[in-house]
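K.L.:
What follows is a single structure, and I will ask about it in a moment.
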Protein chains: 2
Amino acid sequence: MVKMGPFIAVDWGTTNRRAFRIEDGNVVATERDDRGAANVAAGDYEAEVAGIRNRLGDLPMLLAGMVGSNIGWRSVPYVAAPAGLTDVAAALERIDDRTAIVPGLSYRDGLHADVMRGEEVQLLGAVVAGLVPSDATLCQPGTHCKWATLQAGAILSFTTAMTGELFALLRAHGVLSRQLGHPVEPGAAFLEGVAEGAKRDLAASLFAIRARGVLGIADDVHAASFASGLLIGADTAARIMPGEAVHVLADPALGALYASAIDALGGTSHHIDSQAAFMAGITRIQELAA
Amino acid sequence: MVKMGPFIAVDWGTTNRRAFRIEDGNVVATERDDRGAANVAAGDYEAEVAGIRNRLGDLPMLLAGMVGSNIGWRSVPYVAAPAGLTDVAAALERIDDRTAIVPGLSYRDGLHADVMRGEEVQLLGAVVAGLVPSDATLCQPGTHCKWATLQAGAILSFTTAMTGELFALLRAHGVLSRQLGHPVEPGAAFLEGVAEGAKRDLAASLFAIRARGVLGIADDVHAASFASGLLIGADTAARIMPGEAVHVLADPALGALYASAIDALGGTSHHIDSQAAFMAGITRIQELAA
């Protein structure tokens, strides 16, 4: 392995940004703020990057995520899956000789098409970190939940489900919004929702939330948990096969909900440290690019 | 059949209201306005009804729809399906000796529960009018699309899918909203959406709209038609069996979209005159209540 000097990695999302100074594969300094791509004007990226170097060190930088999109610094072409870290490193978009943007991945299968930006570093890094086998199913829940099939350490195919966004829309607007204000909790109502969601009949199952409330079958205090179970259950049921191991990269709360749905629907969930996966992935890209 | 005097029927929805003066089964006067239940205060119903009598005649009145809900004049208990017009007529909520509210229907099957208010008059009336067989599958598209299985002229079971509401939410809010502004049209993009929707994997298929746009696979001018096809296709695929005849009660534009999805997914669609169905249903209820 090439001996590699310290560098700065930035996980630059839509709303948030996290930067890490990495030395010998270890994080020695980090910062997190809300200067995501949606909050940085196109002309301000040079100054933003200079600011990060002022704070974390005057070092080479690798930027991943929405910074490489049409709402970011520069729109970087996607690398088509199947793709591994070698493909990603070979397609880095170089801003200058020590600043580069990691490309996202695209996938197409008939009518279905998909894209990701940033998640590929975590997903592929999980294998490098030894956290998942090189052939594995990974799930990264969130506003737009990513499911990836890895083969020989590369992303063979992936699917994005806008499960989190649908839940947020239903909670904020429309006929169900008055019922969905309570917190989501794992438990009986969530699991009832998972079972209903497994029917994969979302538009009808969602209306049943209203009917259950109107008819007094269910207390609205549980409606948000049921709705979350419904959406996560429908997502999971469309993705996994009985007995399948699924490696979940997420914060503990959301990760626990997906794990509960995966286990209820016959899979086996494993929790993965997503920051360790990101660190391993971005470090390998930096090595490959050196 | 009992000889029946003239009466006034009101189809009193959430946002709109339509009133008909009916003599010998024929509409001899009608009015339509936006004084739906959401726009009438609880204390104003007596005055509203008096106003209708002033304009259409001082006659007995039957009120159907959301007027009988907790946002209407009085919350009328649902009649549990299976139920026919005889059951509905027997459960009329009498306000006074010449004013009554038609109850809605409820349905429960395990975790799934459902309700309707007002649609039952059209659905059951379609049989009375001779527009559909007494054993039939009926579909009434809208914000909340109703699908009913009729047996011996009664509603055996029914399902509501919030297909129209999901489309409206996605068009107004969230990541897809910028792509969905164009009008929905039947045709190739709609039918591609129907085929994708038949996979019954809504949260993932919806995200593909974004990916198709980002990757330049599909022009955004067709995105709304594709999204509509996706939602209507998922709804229809969850409901019908190959070869099944489906009787569609809807305005021509929305009815044509559902008919197109039904036919594409192996069913046979038949368009039904929903006003004629309402008239036959409400007239029969009035006869039974006399």
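The chains in the structure tokens are called A, B, ... from first to last as shown; in each chain the residues are counted from 1, and the ligands are counted from 1 in the order shown.
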So that I can see what lies close to A:Tyr45, please list as a list of chain:residue names the residues with an atom at most 12 Å from it, counting only C-alpha atoms and leaving out residues fewer than 2 positions away in the same chain.
P.N.:
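The residues satisfying every condition are A:Trp12, A:Arg35, A:Gly36, A:Ala37, A:Ala38, A:Asn39, A:Val40, A:Ala41, A:Ala42, A:Gly43, A:Ala47, A:Glu48, A:Val49, A:Ala50, A:Gly51, A:Ile52, A:Leu63, A:Val67, A:Gly68, A:Ile71, A:Gly72, A:Trp73, A:Arg74, A:Ile95, A:Thr99, A:Ile101.
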K.L.:
Find the residues of chain B that sit at most 6 Å from chain A; for each, write down the nearest two atoms and how far apart they are in Å, to one decimal. Count only C-alpha atoms. Sort by chain, then by number going up, and give it as a tab-separated table.
P.N.:
residue	atom	partner	partner_atom	distance
B:Ala113	CA	A:Ala208	CA	5.3
B:Asp114	CA	A:Ala211	CA	5.0
B:Val115	CA	A:Ala211	CA	5.7
B:Thr160	CA	A:Ala204	CA	5.5
B:Ala161	CA	A:Ala204	CA	3.8
B:Met162	CA	A:Ala203	CA	5.0
B:Thr163	CA	A:Ala203	CA	5.6
B:Arg200	CA	A:Arg200	CA	5.9
B:Ala203	CA	A:Ala161	CA	4.7
B:Ala204	CA	A:Ala161	CA	3.8
B:Phe207	CA	A:Met162	CA	5.9
B:Ala208	CA	A:Ala113	CA	5.3
B:Ala211	CA	A:Asp114	CA	4.9
B:Arg212	CA	A:Ala113	CA	5.9
K.L.:
B:Gly255: which residues within 12 Å, counting only C-alpha atoms, same-chain residues fewer than 6 positions away excluded, as a VMD selection string?
P.N.:
chain B and resid 138 to 142 145 186 232 246 to 249 261 to 262 269 to 274
K.L.:
Which residue out of B:Thr86, B:Thr30, B:Thr14, B:Ser157 has the minimum interatomic distance to B:Thr143 when only C-alpha atoms are used?
P.N.:
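Comparing B:Thr86, B:Thr30, B:Thr14, B:Ser157 against B:Thr143, the winner is B:Thr14.
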K.L.:
Could you give me the residues within stretch 62-92 of chain A that DSSP places in alpha helix (DSSP H), as JSON, numbers by chain?
P.N.:
{"A": [85, 86, 87, 88, 89, 90]}
K.L.:
Once you have the residues from the selection above, write them out as a short mmCIF file (atom, residue, chain, number, x, y, z; two decimals), in the first residue's frame, restricted to N, CA, C and O atoms.
P.N.:
data_model
loop_
_atom_site.label_atom_id
_atom_site.label_comp_id
_atom_site.auth_asym_id
_atom_site.auth_seq_id
_atom_site.Cartn_x
_atom_site.Cartn_y
_atom_site.Cartn_z
N LEU A 85 -14.54 0.83 -5.86
CA LEU A 85 -13.77 2.02 -5.49
C LEU A 85 -12.71 2.38 -6.53
O LEU A 85 -12.39 3.56 -6.72
N THR A 86 -12.18 1.38 -7.24
CA THR A 86 -11.21 1.66 -8.30
C THR A 86 -11.85 2.51 -9.40
O THR A 86 -11.26 3.47 -9.90
N ASP A 87 -13.08 2.15 -9.76
CA ASP A 87 -13.80 2.92 -10.79
C ASP A 87 -14.09 4.33 -10.30
O ASP A 87 -13.97 5.30 -11.05
N VAL A 88 -14.48 4.43 -9.04
CA VAL A 88 -14.78 5.74 -8.47
C VAL A 88 -13.52 6.61 -8.45
O VAL A 88 -13.53 7.77 -8.87
N ALA A 89 -12.39 6.01 -8.00
CA ALA A 89 -11.14 6.78 -7.90
C ALA A 89 -10.65 7.21 -9.28
O ALA A 89 -10.10 8.31 -9.45
N ALA A 90 -10.89 6.35 -10.29
CA ALA A 90 -10.43 6.67 -11.65
C ALA A 90 -11.24 7.81 -12.26
O ALA A 90 -10.80 8.45 -13.22
#
K.L.:
From stretch 32-87 of chain B, collect each residue whose DSSP state is strand (DSSP E or B) and return the set as a list in words.
P.N.:
Arg32, Asp33, Met61, Leu62, Leu63, Ala64, Gly65, Val79, Ala80 and Ala83 of chain B
K.L.:
Filtering to C-alpha atoms, could you give me those residues as a tab-separated table (two decimals), in the first residue's frame?
P.N.:
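Result went into result_3.tsv, see below:
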chain	number	residue	atom	x	y	z
B	32	ARG	CA	-74.00	23.20	-7.83
B	33	ASP	CA	-71.81	25.32	-5.58
B	61	MET	CA	-84.70	16.07	1.41
B	62	LEU	CA	-82.09	13.30	1.41
B	63	LEU	CA	-78.52	14.38	2.12
B	64	ALA	CA	-75.58	12.12	1.24
B	65	GLY	CA	-71.82	12.46	1.74
B	79	VAL	CA	-73.27	0.85	8.20
B	80	ALA	CA	-70.89	-2.12	8.13
B	83	ALA	CA	-74.55	-3.73	2.89
K.L.:
Give me the residues near A:Glu23 as a ChimeraX atom specification, where near means some atom within 10 Å (using only C-alpha atoms) and where sequence neighbours in that chain fewer than 5 positions away do not count.
P.N.:
/A:4-8,28-29,283
K.L.:
Those same residues - all heavy atoms - I'd like them written as a short mmCIF file (atom, residue, chain, number, x, y, z; two decimals), in the first residue's frame.
P.N.:
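This went into part.cif:
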data_model
loop_
_atom_site.label_atom_id
_atom_site.label_comp_id
_atom_site.auth_asym_id
_atom_site.auth_seq_id
_atom_site.Cartn_x
_atom_site.Cartn_y
_atom_site.Cartn_z
N MET A 4 0.78 7.17 2.56
CA MET A 4 -0.08 8.30 2.20
C MET A 4 0.01 9.38 3.26
O MET A 4 -0.03 9.09 4.46
CB MET A 4 -1.51 7.78 2.11
CG MET A 4 -2.45 8.70 1.40
SD MET A 4 -4.08 7.90 1.30
CE MET A 4 -4.38 7.53 3.01
N GLY A 5 0.10 10.61 2.82
CA GLY A 5 0.13 11.73 3.76
C GLY A 5 -1.25 12.06 4.28
O GLY A 5 -2.24 11.49 3.83
N PRO A 6 -1.34 12.96 5.24
CA PRO A 6 -2.63 13.37 5.77
C PRO A 6 -3.47 14.07 4.68
O PRO A 6 -2.92 14.65 3.75
CB PRO A 6 -2.27 14.33 6.90
CG PRO A 6 -0.87 14.77 6.64
CD PRO A 6 -0.20 13.66 5.89
N PHE A 7 -4.79 13.98 4.81
CA PHE A 7 -5.67 14.68 3.86
C PHE A 7 -6.98 15.02 4.57
O PHE A 7 -7.23 14.59 5.71
CB PHE A 7 -5.91 13.85 2.60
CG PHE A 7 -6.81 12.65 2.80
CD1 PHE A 7 -8.13 12.66 2.36
CD2 PHE A 7 -6.33 11.49 3.42
CE1 PHE A 7 -8.97 11.55 2.54
CE2 PHE A 7 -7.15 10.39 3.60
CZ PHE A 7 -8.47 10.42 3.16
N ILE A 8 -7.79 15.82 3.90
CA ILE A 8 -9.10 16.20 4.45
C ILE A 8 -10.19 15.56 3.59
O ILE A 8 -10.15 15.66 2.36
CB ILE A 8 -9.28 17.73 4.47
CG1 ILE A 8 -8.27 18.36 5.45
CG2 ILE A 8 -10.71 18.12 4.84
CD1 ILE A 8 -8.18 19.88 5.34
N VAL A 28 -8.25 12.79 13.06
CA VAL A 28 -7.58 13.53 14.13
C VAL A 28 -8.25 14.87 14.40
O VAL A 28 -7.98 15.51 15.41
CB VAL A 28 -6.07 13.73 13.83
CG1 VAL A 28 -5.37 12.38 13.78
CG2 VAL A 28 -5.87 14.51 12.53
N ALA A 29 -9.13 15.30 13.50
CA ALA A 29 -9.90 16.53 13.73
C ALA A 29 -11.14 16.45 12.86
O ALA A 29 -11.13 15.83 11.78
CB ALA A 29 -9.09 17.77 13.37
N THR A 283 -10.57 6.88 2.52
CA THR A 283 -9.12 6.67 2.63
C THR A 283 -8.63 5.80 1.46
O THR A 283 -7.60 6.07 0.84
CB THR A 283 -8.78 6.03 3.99
OG1 THR A 283 -9.22 6.91 5.03
CG2 THR A 283 -7.28 5.79 4.14
#
K.L.:
May I ask for the distance between atom CA of A:Gly84 and atom CA of A:Met279, given in Å to one decimal place?
P.N.:
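One can read the atom CA of A:Gly84 to atom CA of A:Met279 distance as 15.8 Å.
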K.L.:
Rounded to one decimal in Å, what is the spacing between atom CA of B:Ala189 and atom CA of B:Tyr258?
P.N.:
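Separation of atom CA of B:Ala189 and atom CA of B:Tyr258: 14.3 Å.
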K.L.:
Name the residues in contact with B:Leu156 at a cut-off of 8 Å, using only C-alpha atoms, excluding same-chain residues fewer than 2 positions from it; report them as a ChimeraX atom specification.
P.N.:
/B:81-83,148-151,154,158
K.L.:
Restrict the selected residues to N, CA and C atoms and save them as a tab-separated table (two decimals), in the first residue's frame.
P.N.:
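Saved to result-v8.tsv:
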chain	number	residue	atom	x	y	z
B	81	ALA	N	-70.27	-2.94	5.93
B	81	ALA	CA	-70.40	-3.81	4.76
B	81	ALA	C	-70.17	-5.26	5.19
B	82	PRO	N	-70.80	-6.27	4.55
B	82	PRO	CA	-71.64	-6.15	3.35
B	82	PRO	C	-72.93	-5.38	3.65
B	83	ALA	N	-73.33	-4.53	2.72
B	83	ALA	CA	-74.55	-3.73	2.89
B	83	ALA	C	-75.10	-3.32	1.52
B	148	ALA	N	-64.96	-1.16	-5.23
B	148	ALA	CA	-65.96	-1.95	-4.50
B	148	ALA	C	-66.27	-3.24	-5.22
B	149	THR	N	-66.43	-4.31	-4.44
B	149	THR	CA	-66.89	-5.58	-4.98
B	149	THR	C	-68.37	-5.72	-4.64
B	150	LEU	N	-69.20	-5.80	-5.67
B	150	LEU	CA	-70.64	-5.94	-5.45
B	150	LEU	C	-71.04	-7.40	-5.63
B	151	GLN	N	-71.92	-7.87	-4.76
B	151	GLN	CA	-72.46	-9.22	-4.88
B	151	GLN	C	-73.95	-9.14	-4.60
B	154	ALA	N	-75.30	-5.81	-3.52
B	154	ALA	CA	-74.83	-5.17	-2.28
B	154	ALA	C	-73.31	-5.01	-2.33
B	158	PHE	N	-64.88	-3.24	0.18
B	158	PHE	CA	-64.35	-2.13	-0.62
B	158	PHE	C	-62.99	-1.69	-0.07
